[in-house]
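Peer 1: Have a peek at final_29.cif (mmCIF, C-alpha atoms).
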```cif
data_model
#
loop_
_atom_site.label_atom_id
_atom_site.label_comp_id
_atom_site.auth_asym_id
_atom_site.auth_seq_id
_atom_site.Cartn_x
_atom_site.Cartn_y
_atom_site.Cartn_z
CA MET G 6 187.45 118.90 132.94
CA SER G 7 184.67 116.72 131.73
CA THR G 8 181.49 118.38 130.60
CA LYS G 9 178.17 116.61 130.68
CA PRO G 10 175.74 117.33 127.85
CA ALA G 11 172.53 119.01 128.96
CA ALA G 12 169.80 116.45 129.55
CA ILE G 13 167.10 118.01 127.41
CA SER G 14 164.93 115.38 125.85
CA ALA G 15 162.78 115.86 122.80
CA ALA G 16 159.70 115.26 124.90
CA LYS G 17 160.66 118.06 127.30
CA SER G 18 161.35 120.39 124.45
CA ALA G 19 158.01 119.62 122.87
CA MET G 20 156.25 120.19 126.17
CA VAL G 21 157.85 123.59 126.55
CA LEU G 22 157.06 124.57 123.00
CA GLY G 23 153.53 123.24 123.15
CA GLN G 24 152.45 124.34 126.60
CA ASP G 25 149.87 127.03 127.18
CA LEU G 26 151.41 130.48 127.06
CA PRO G 27 150.19 133.18 129.46
CA PHE G 28 149.24 136.09 127.27
CA TRP G 29 147.95 139.66 127.56
CA TYR G 30 145.89 141.10 124.68
CA PRO G 31 145.57 144.87 125.22
CA ILE G 32 143.09 147.33 123.74
CA ASN G 33 144.29 150.93 124.05
CA VAL G 34 142.20 154.03 123.42
CA VAL G 35 142.40 157.68 124.30
CA LEU G 36 139.12 159.53 124.76
CA THR G 37 138.35 163.19 125.02
CA ALA G 38 135.85 164.42 127.60
CA ASN G 39 132.49 162.66 127.23
CA GLN G 40 133.52 161.20 123.89
CA ALA G 41 131.27 158.35 122.77
CA GLY G 42 131.48 155.58 120.22
CA VAL G 43 135.25 155.21 120.09
CA ILE G 44 136.05 151.69 118.96
CA GLY G 45 139.06 149.67 119.94
CA THR G 46 139.75 146.16 118.66
CA VAL G 47 142.20 143.38 119.17
CA THR G 48 142.70 140.37 116.92
CA ILE G 49 143.78 137.03 118.28
CA ASP G 50 147.10 135.94 116.82
CA ASN G 51 147.05 133.33 114.13
CA ASP G 52 149.39 130.98 115.96
CA ALA G 53 146.96 129.76 118.62
CA ASP G 54 143.43 129.92 119.99
CA PHE G 55 143.10 132.03 123.12
CA GLU G 56 141.53 130.92 126.37
CA LEU G 57 140.20 134.09 127.98
CA ARG G 58 140.31 133.81 131.77
CA GLU G 59 140.51 137.31 133.23
CA ILE G 60 139.65 140.86 132.23
CA ILE G 61 141.61 143.79 133.57
CA ALA G 62 141.71 147.51 132.88
CA SER G 63 143.35 150.71 133.92
CA SER G 64 142.27 154.21 133.00
CA THR G 65 142.69 157.80 134.00
CA GLY G 66 138.93 158.22 134.46
CA THR G 67 135.64 156.41 134.51
CA PHE G 68 134.09 155.04 131.34
CA GLN G 69 131.48 152.70 129.97
CA VAL G 70 132.16 149.99 127.45
CA ALA G 71 130.29 147.53 125.23
CA LEU G 72 132.16 144.37 124.22
CA VAL G 73 131.45 142.25 121.17
CA ASP G 74 132.97 138.95 120.05
CA ARG G 75 133.17 139.68 116.36
CA TYR G 76 133.72 136.03 115.45
CA THR G 77 130.22 135.15 116.56
CA SER G 78 128.90 138.73 116.40
CA ARG G 79 127.64 138.23 119.91
CA PRO G 80 127.73 141.16 122.29
CA LEU G 81 128.71 140.39 125.87
CA MET G 82 126.03 142.72 127.18
CA PRO G 83 122.62 143.83 125.95
CA THR G 84 122.44 146.82 123.67
CA ASN G 85 118.89 148.00 124.23
CA VAL G 86 118.87 148.77 127.93
CA LEU G 87 116.92 151.71 129.30
CA ASN G 88 117.10 153.19 132.76
CA ASN G 89 114.08 154.21 134.83
CA ASN G 90 113.93 157.52 132.95
CA ASN G 91 113.82 155.70 129.60
CA VAL G 92 117.28 156.91 128.72
CA ASN G 93 119.34 154.44 126.71
CA VAL G 94 122.32 153.03 128.59
CA PHE G 95 125.52 152.87 126.57
CA GLY G 96 127.28 149.96 128.28
CA ILE G 97 128.76 148.60 131.45
CA ASN G 98 130.60 150.83 133.91
CA ASN G 99 134.32 150.08 134.03
CA VAL G 100 134.28 149.18 137.72
CA ASN G 101 131.52 146.66 137.11
CA LEU G 102 133.43 144.88 134.39
CA PHE G 103 137.17 145.07 134.94
CA GLY G 104 139.44 144.29 137.81
CA THR G 105 143.13 144.97 138.27
CA ALA G 106 146.12 142.68 138.09
CA GLN G 107 145.89 142.43 141.88
CA LEU G 108 142.20 141.59 141.84
CA PRO G 109 141.22 140.71 138.29
CA PHE G 110 137.70 139.90 137.18
CA ILE G 111 137.96 136.15 136.74
CA LEU G 112 135.75 134.15 134.43
CA PRO G 113 134.92 130.96 136.31
CA ILE G 114 134.26 129.32 132.97
CA PRO G 115 137.00 130.25 130.49
CA TYR G 116 135.93 131.60 127.13
CA ILE G 117 137.68 130.43 123.97
CA LEU G 118 138.44 132.91 121.22
CA LEU G 119 139.54 131.28 117.99
CA ARG G 120 142.71 132.38 116.28
CA THR G 121 142.14 135.49 114.12
CA SER G 122 138.95 136.31 116.05
CA THR G 123 138.42 139.97 116.77
CA VAL G 124 137.10 141.42 120.01
CA GLN G 125 135.65 144.88 119.74
CA ALA G 126 135.19 147.38 122.55
CA THR G 127 133.14 150.54 122.10
CA PHE G 128 133.80 153.26 124.66
CA LEU G 129 132.03 156.16 126.28
CA ASP G 130 133.94 158.52 128.54
CA THR G 131 132.01 159.29 131.72
CA SER G 132 134.77 161.20 133.47
CA ALA G 133 134.16 164.51 131.72
CA GLY G 134 137.88 164.71 131.22
CA GLY G 135 140.48 163.20 128.96
CA ASN G 136 140.71 159.45 129.45
CA THR G 137 143.53 157.08 128.57
CA ILE G 138 142.33 153.51 128.78
CA GLN G 139 143.96 150.12 128.52
CA LEU G 140 141.84 146.99 128.60
CA ILE G 141 143.51 143.62 128.95
CA LEU G 142 142.13 140.28 127.89
CA TRP G 143 144.25 137.88 129.84
CA GLY G 144 144.47 134.16 129.40
CA TYR G 145 146.43 131.48 127.64
CA LYS G 146 147.45 130.82 124.09
CA LYS G 147 146.46 127.21 123.51
CA PHE G 148 149.14 125.63 121.39
CA GLY G 149 147.78 122.19 122.07
CA SER G 150 144.59 122.69 120.07
CA MET W 19 130.80 123.87 128.53
CA PRO W 20 132.93 122.25 131.19
CA MET W 21 135.61 124.15 133.03
CA GLU W 22 138.48 122.83 131.02
CA ILE W 23 138.13 123.03 127.27
CA GLN W 24 138.66 119.82 125.39
CA GLN W 25 142.03 119.67 123.80
CA ALA W 26 141.24 117.07 121.19
CA MET W 27 139.30 119.28 118.81
CA ARG W 28 141.90 119.94 116.19
CA GLY W 29 139.74 120.52 113.15
CA THR W 30 138.40 123.91 112.23
CA SER W 31 134.73 122.95 112.11
CA PRO W 32 134.61 121.29 115.53
CA ARG W 33 136.50 124.19 116.98
CA ALA W 34 134.15 126.70 115.44
CA ALA W 35 131.15 124.73 116.68
CA LEU W 36 132.66 124.66 120.12
CA VAL W 37 133.15 128.39 120.13
CA LEU W 38 129.68 129.08 118.81
CA GLY W 39 128.08 126.83 121.37
CA GLN W 40 130.15 127.66 124.41
CA ASP W 41 128.88 129.63 127.37
CA LEU W 42 129.13 133.36 126.74
CA PRO W 43 130.23 135.62 129.61
CA PHE W 44 127.47 138.18 129.94
CA TRP W 45 126.49 141.23 131.97
CA TYR W 46 122.84 142.29 132.33
CA PRO W 47 122.87 145.86 133.67
CA ILE W 48 119.97 147.43 135.57
CA ASN W 49 120.29 151.19 135.58
CA ALA W 50 118.45 153.72 137.70
CA VAL W 51 118.73 157.39 138.51
CA LEU W 52 117.20 158.31 141.87
CA THR W 53 116.51 161.59 143.55
CA ALA W 54 117.31 162.06 147.24
CA LEU W 55 115.60 159.41 149.38
CA GLN W 56 113.43 158.34 146.45
CA SER W 57 111.97 154.91 146.99
CA GLY W 58 110.07 152.32 145.02
CA VAL W 59 111.83 152.95 141.71
CA LYS W 60 111.30 149.80 139.68
CA VAL W 61 113.52 148.85 136.76
CA ASN W 62 113.32 145.61 134.82
CA ILE W 63 115.82 143.65 132.81
CA GLN W 64 114.75 140.86 130.49
CA VAL W 65 116.89 137.85 129.73
CA ASP W 66 117.48 137.64 125.99
CA ASN W 67 115.45 135.17 124.01
CA ASP W 68 118.48 133.42 122.50
CA SER W 69 119.53 131.53 125.61
CA ASP W 70 119.02 130.91 129.30
CA PHE W 71 121.20 132.90 131.65
CA GLU W 72 123.24 131.36 134.42
CA TRP W 73 123.38 134.11 137.03
CA ARG W 74 126.56 133.93 139.09
CA ALA W 75 127.24 137.30 140.68
CA CYS W 76 125.88 140.74 141.54
CA ILE W 77 128.12 143.67 140.69
CA ALA W 78 127.14 147.28 141.17
CA ASN W 79 128.39 150.79 141.47
CA SER W 80 126.55 153.93 142.44
CA THR W 81 127.11 157.50 143.43
CA GLY W 82 125.57 156.88 146.85
CA LEU W 83 124.16 154.26 149.16
CA PHE W 84 121.03 152.43 148.10
CA SER W 85 118.93 149.39 148.90
CA VAL W 86 117.25 147.04 146.49
CA THR W 87 114.56 144.38 146.32
CA LEU W 88 114.94 141.83 143.52
CA THR W 89 112.04 139.84 142.13
CA ASN W 90 112.09 137.06 139.57
CA ASN W 91 108.93 137.85 137.65
CA TYR W 92 109.17 134.60 135.69
CA ILE W 93 108.21 132.69 138.82
CA LYS W 94 106.72 135.71 140.62
CA ARG W 95 109.04 135.20 143.55
CA PRO W 96 110.90 137.93 145.39
CA LEU W 97 114.47 137.07 146.25
CA MET W 98 114.32 138.84 149.60
CA PRO W 99 111.46 139.63 151.99
CA THR W 100 112.57 143.24 152.53
CA PRO W 101 115.13 145.50 150.81
CA VAL W 102 118.80 144.63 151.11
CA ASN W 103 121.51 147.27 151.19
CA GLY W 104 123.61 147.50 148.05
CA GLU W 105 126.83 146.80 149.92
CA ASN W 106 125.30 143.61 151.30
CA ILE W 107 124.31 142.15 147.95
CA ALA W 108 126.62 143.47 145.24
CA GLY W 109 130.37 143.72 144.95
CA THR W 110 132.63 145.13 142.28
CA ALA W 111 134.30 143.53 139.30
CA GLN W 112 137.36 143.11 141.48
CA GLN W 113 135.42 141.35 144.21
CA PRO W 114 131.96 140.39 142.94
CA GLY W 115 129.07 139.54 145.22
CA PHE W 116 128.84 135.86 144.33
CA LEU W 117 125.75 133.76 144.56
CA ALA W 118 126.71 130.70 146.52
CA VAL W 119 125.12 128.56 143.84
CA PRO W 120 124.65 129.81 140.27
CA LYS W 121 121.00 130.22 139.28
CA ARG W 122 119.77 129.47 135.80
CA LEU W 123 117.19 132.03 134.64
CA ALA W 124 114.97 130.95 131.78
CA ARG W 125 115.15 132.93 128.56
CA THR W 126 112.76 135.91 128.50
CA SER W 127 112.63 135.96 132.30
CA VAL W 128 112.21 139.41 133.76
CA ILE W 129 114.17 140.38 136.85
CA GLN W 130 112.78 143.41 138.60
CA ALA W 131 114.87 145.62 140.84
CA GLU W 132 113.15 148.09 143.13
CA PHE W 133 115.58 150.73 144.36
CA THR W 134 115.54 153.05 147.34
CA ASP W 135 118.05 155.83 147.83
CA ARG W 136 119.81 155.91 151.20
CA SER W 137 122.27 158.68 150.40
CA ASN W 138 119.94 161.63 150.79
CA ALA W 139 121.25 162.95 147.48
CA GLY W 140 120.88 162.15 143.81
CA ASN W 141 122.02 158.61 143.05
CA THR W 142 123.01 157.02 139.76
CA ILE W 143 123.08 153.25 140.04
CA GLN W 144 124.18 150.46 137.77
CA PHE W 145 123.40 147.01 139.14
CA CYS W 146 124.69 144.15 136.98
CA LEU W 147 123.66 140.53 136.95
CA GLN W 148 126.80 138.76 135.79
CA GLY W 149 126.99 135.24 134.51
CA TYR W 150 126.87 133.19 131.33
CA LYS W 151 124.52 132.77 128.45
CA LYS W 152 123.88 129.04 128.18
CA TYR W 153 123.40 128.02 124.60
CA SER W 154 123.00 124.38 125.49
CA GLN W 155 119.65 123.23 126.81
CA GLN W 156 121.30 120.32 128.56
CA PRO W 157 122.12 120.65 132.23
CA ASP W 158 125.83 120.96 132.87
CA ALA W 159 127.57 117.65 133.33
CA ASN W 160 129.83 119.16 135.95
CA PHE W 161 128.82 121.50 138.72
CA ILE W 162 131.00 124.60 138.59
CA PRO W 163 130.34 126.43 141.85
CA ASN W 164 131.52 129.92 140.97
CA VAL W 165 135.12 130.64 141.65
CA LEU W 166 135.35 129.49 145.20
CA GLY W 167 138.71 127.92 144.60
CA TYR W 168 140.43 131.16 143.87
CA ARG W 169 138.35 133.03 146.44
CA LYS W 170 139.65 130.64 149.02
CA ALA W 171 143.18 131.32 147.92
CA ILE W 172 142.64 135.05 148.18
CA SER W 173 140.67 135.30 151.38
CA HIS W 174 142.14 132.42 153.36
CA VAL W 175 138.78 131.39 154.70
CA TYR W 176 136.92 128.15 154.81
CA MET W 177 134.38 127.60 152.08
CA PRO W 178 131.54 125.13 151.81
CA THR W 179 132.67 122.10 149.85
CA VAL W 180 131.79 121.76 146.20
CA GLU W 181 129.77 118.67 147.10
CA ASP W 182 127.73 120.61 149.68
CA LEU W 183 127.06 123.40 147.23
CA ALA W 184 126.16 120.96 144.48
CA THR W 185 123.27 119.70 146.62
CA LEU W 186 121.81 123.21 146.48
CA ARG W 187 121.68 123.36 142.67
CA GLY W 188 118.44 124.67 141.23
CA LYS W 189 117.31 126.44 144.37
CA ILE W 190 116.46 130.13 144.41
CA PRO W 191 119.09 132.59 145.62
CA TYR W 192 117.74 134.37 148.66
CA TRP W 193 118.74 137.07 151.13
CA TRP W 194 117.19 137.18 154.62
CA PRO W 195 117.67 140.51 156.41
CA LEU W 196 117.98 139.29 159.98
CA PHE W 197 118.11 142.80 161.33
CA ASP W 198 117.45 146.06 159.54
CA GLY W 199 116.95 149.24 161.47
CA SER W 200 118.36 152.18 163.33
CA ILE W 201 119.43 151.76 166.93
CA GLY W 202 119.87 154.58 169.43
CA ALA W 203 123.26 155.40 170.90
CA GLN W 204 124.64 152.36 172.73
CA GLN W 205 121.23 150.77 172.82
CA ALA W 206 120.19 147.23 171.95
CA ALA W 207 117.46 146.04 169.63
CA ARG W 208 116.01 142.69 168.65
CA SER W 209 114.63 141.14 165.50
CA LYS W 210 113.51 137.74 164.28
CA PHE W 211 112.18 135.92 161.27
CA THR W 212 110.70 132.59 160.39
CA ALA W 213 111.51 130.56 157.33
CA PRO W 214 109.73 127.65 155.70
CA ASP W 215 111.37 124.30 155.14
CA GLY W 216 114.08 124.19 152.51
CA CYS W 217 116.02 127.36 153.35
CA TYR W 218 119.80 127.25 153.64
CA VAL W 219 122.35 129.87 154.66
CA THR W 220 125.79 129.88 153.08
CA HIS W 221 127.24 133.22 154.14
CA ILE W 222 126.63 136.24 156.36
CA VAL W 223 127.02 139.93 155.53
CA ALA W 224 126.30 143.12 157.43
CA SER W 225 126.65 146.86 157.24
CA SER W 226 126.89 149.60 159.82
CA ALA W 227 126.43 153.32 159.22
CA GLN W 228 128.82 154.15 162.06
CA ALA W 229 132.44 153.09 162.22
CA ALA W 230 132.08 152.02 165.84
CA GLY W 231 129.81 149.29 164.58
CA PHE W 232 127.72 146.91 166.59
CA ALA W 233 127.79 143.59 168.38
CA LEU W 234 125.52 140.71 167.57
CA GLN W 235 124.04 137.54 169.02
CA VAL W 236 121.98 135.03 167.08
CA PHE W 237 119.58 132.47 168.53
CA ASP W 238 118.09 129.45 166.75
CA THR W 239 114.85 128.67 168.63
CA GLU W 240 114.42 125.24 167.02
CA ARG W 241 117.74 124.05 168.32
CA GLY W 242 117.52 126.24 171.42
CA GLU W 243 121.07 127.38 170.88
CA ILE W 244 122.74 130.78 170.99
CA MET W 245 125.51 130.95 168.43
CA GLU W 246 127.88 133.13 170.47
CA ASP W 247 129.20 132.82 174.01
CA SER W 248 128.85 136.58 174.26
CA PRO W 249 127.98 139.23 171.69
CA ALA W 250 130.48 139.30 168.84
CA VAL W 251 131.46 142.57 167.18
CA PHE W 252 130.29 142.58 163.62
CA PRO W 253 133.65 142.47 161.79
CA ASN W 254 134.12 139.14 163.56
CA HIS W 255 130.68 137.91 162.64
CA ALA W 256 129.85 139.10 159.14
CA GLY W 257 131.54 140.27 155.99
CA SER W 258 130.30 142.28 153.05
CA ALA W 259 129.05 141.27 149.64
CA GLN W 260 132.59 141.68 148.36
CA ARG W 261 134.07 139.47 151.05
CA PRO W 262 131.34 137.60 152.89
CA PHE W 263 131.78 135.55 156.01
CA TRP W 264 131.35 132.05 154.58
CA LEU W 265 130.03 129.22 156.65
CA LYS W 266 132.15 126.14 156.26
CA LYS W 267 129.02 124.04 156.47
CA VAL W 268 125.75 125.10 154.89
CA TYR W 269 123.25 125.95 157.67
CA ARG W 270 119.63 124.85 157.35
CA LEU W 271 117.26 127.44 158.73
CA PRO W 272 114.75 126.20 161.32
CA SER W 273 111.39 125.44 159.77
CA ASN W 274 109.72 124.92 163.14
CA GLY W 275 111.22 127.88 164.86
CA GLN W 276 112.78 131.27 164.44
CA ILE W 277 116.12 132.89 163.97
CA GLN W 278 116.30 135.67 166.50
CA CYS W 279 119.00 138.25 167.00
CA ARG W 280 120.05 140.92 169.43
CA VAL W 281 122.06 143.83 168.10
CA ILE W 282 123.95 146.26 170.35
CA ASN W 283 124.95 149.58 168.88
CA LEU W 284 128.50 150.38 169.94
CA ALA W 285 128.42 153.92 168.59
CA THR W 286 127.66 156.94 170.71
CA VAL W 287 125.15 158.12 168.12
CA ALA W 288 122.26 156.39 166.39
CA ASN W 289 123.38 153.68 163.98
CA ALA W 290 121.65 152.16 160.95
CA VAL W 291 122.46 148.46 160.97
CA GLN W 292 121.63 145.66 158.58
CA VAL W 293 122.54 142.00 159.06
CA VAL W 294 121.75 139.65 156.19
CA LEU W 295 121.85 135.88 155.95
CA CYS W 296 122.52 134.84 152.37
CA GLY W 297 121.82 131.51 150.77
CA VAL W 298 119.18 129.64 148.83
CA ARG W 299 115.65 128.35 149.28
CA ASP W 300 113.32 125.92 147.60
#
```
What does the file become when written as structure tokens?
Peer 2:
Amino acid sequence: MSTKPAAISAAKSAMVLGQDLPFWYPINVVLTANQAGVIGTVTIDNDADFELREIIASSTGTFQVALVDRYTSRPLMPTNVLNNNNVNVFGINNVNLFGTAQLPFILPIPYILLRTSTVQATFLDTSAGGNTIQLILWGYKKFGS
Amino acid sequence: MPMEIQQAMRGTSPRAALVLGQDLPFWYPINAVLTALQSGVKVNIQVDNDSDFEWRACIANSTGLFSVTLTNNYIKRPLMPTPVNGENIAGTAQQPGFLAVPKRLARTSVIQAEFTDRSNAGNTIQFCLQGYKKYSQQPDANFIPNVLGYRKAISHVYMPTVEDLATLRGKIPYWWPLFDGSIGAQQAARSKFTAPDGCYVTHIVASSAQAAGFALQVFDTERGEIMEDSPAVFPNHAGSAQRPFWLKKVYRLPSNGQIQCRVINLATVANAVQVVLCGVRD
């Protein structure tokens, strides 16, 4: 029986190794009822920049969150917002910020996080019960850059 | 920052500069707490001074039904002539209420939201303007018309072309309530409005307080044309902010005529109906 060597070229191999890798960066926290100020962080791996394209979350209750890109120290939402009763608003409601894997919140313009960047999320439980939360930053590791 | 990030920036400094200068996804929340049927509650949000804001979508959640009137105080222009129901203007993060064409708001602009409760109970509302902080003063080289590509894939509907939408760049997002009122059981009602030159409709949304819904006919007096052979039930005629009924071709509103409509309540009880034409204007 004659066997034919697999036709894997160096170029193909390089393409596979260098192509963008779909990647999920999770932030997990567990809150007690009405707990505020709990911080969760995730650091982008050192092997590649990360092209953030979708944000997704699941939780056992409602919550608010404030996100900050620690590399630039820029929050992704204002921090000094008052409601009509002049009460300070902690952050964005989960349903206004995160989708699901079925219907993710998609960024029409991808956002690049450099390798070793940290994204910080500060949480407030609004469910008045225990709350187990997982946020996902979904996108691609960019090995080409 | 164009849609696809340049791949050639291998050095650390260019990459860092790119990241520092790129468009920042951003949510401006407008929060209000209303008592039952409270109306005229005004809340402002100011665009930060560090950059313009490219507004792309309305996203909201609340503990009850509400309506809202938005005003851009920077140019002293309301974005709707009368209040629009929350479900007709804002979606959720899963299915945002997209503006057909993103609108760039100048830094320090104030957007005012005036809320009215429709739930007849206490109502806690968060209404978010979602989009991007634009750190570059230069206009975008490429027009990025929201995420219509993926919306098309999800909803299997026709969308206006990118080229059509690009011609509407810079115009003001606008919502025209074509009909807004309560109709008696199985009765019909009429409404109309006029629009100046330079008004364009991109999608249609509607809401009905009763599950039986309503049927609708629309008449353009300038063209002298009725848009339906016979009244069309509203799920066949209009969507919601989350999933609007998109017009394949942008429709210019008559500047020398009216848009008139006839609404027939199909429910056996009174029905609160709102039909909204969404688009942009000069």
Peer 1: Would you kindly report the residues of chain G within 6 Å of chain W, using all atoms listed in the file, as number ranges by chain?
Peer 2: G: 81-82, 88-89, 100-104, 108-110, 113-114, 150
Peer 1: Given the file above and the PyMOL selection byres ((chain G and resi 119-124) around 7), which residues are selected, and can you give them as a list in words?
Peer 2: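 Selected by the PyMOL selection byres ((chain G and resi 119-124) around 7) here: Thr46, Val47, Thr48, Ile49, Asp50, Asn51, Asp52, Ala53, Asp54, Phe55, Val73, Asp74, Arg75, Tyr76, Ile117, Leu118, Gln125 and Ala126 of chain G.
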Peer 1: Work out how far CA of Phe68 (chain G) is from CA of Asn136 (chain G), in Å to one decimal.
Peer 2: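 Those two atoms sit 8.2 Å apart.
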Peer 1: Counting only C-alpha atoms, what is within 9 Å of Trp29 (chain G), bar same-chain residues fewer than 3 positions away, as a PyMOL selection string?
Peer 2: chain G and resi 141-145
Peer 1: Provide the CA of Val94 (chain G) to CA of Gln69 (chain G) distance in Å, to one decimal place.
Peer 2: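 Calculated distance between CA of Val94 (chain G) and CA of Gln69 (chain G) is 9.3 Å.
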Peer 1: Return as a list in words the set of residues that the PyMOL selection byres ((chain W and resi 199) around 7) yields on the displayed structure.
Peer 2: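 Those residues are Phe197, Asp198, Ser200, Ile201, Ala290, Val291 and Gln292 of chain W.
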Peer 1: Would you compute, for all listed atoms of region 106-120 of chain G, the axis-aligned bounding box grown by 6 Å on each side, and then report its centre and edge lengths in Å rounded to one decimal, as AutoDock Vina command-line options?
Peer 2:
```
--center_x 140.2 --center_y 136.0 --center_z 129.1 --size_x 23.9 --size_y 25.4 --size_z 37.6
```
Peer 1: Quick one: distance from CA of Ser248 (chain W) to CA of Thr286 (chain W) in Å, one decimal?
Peer 2: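 So the two atoms, CA of Ser248 (chain W) and CA of Thr286 (chain W), lie 20.7 Å apart.
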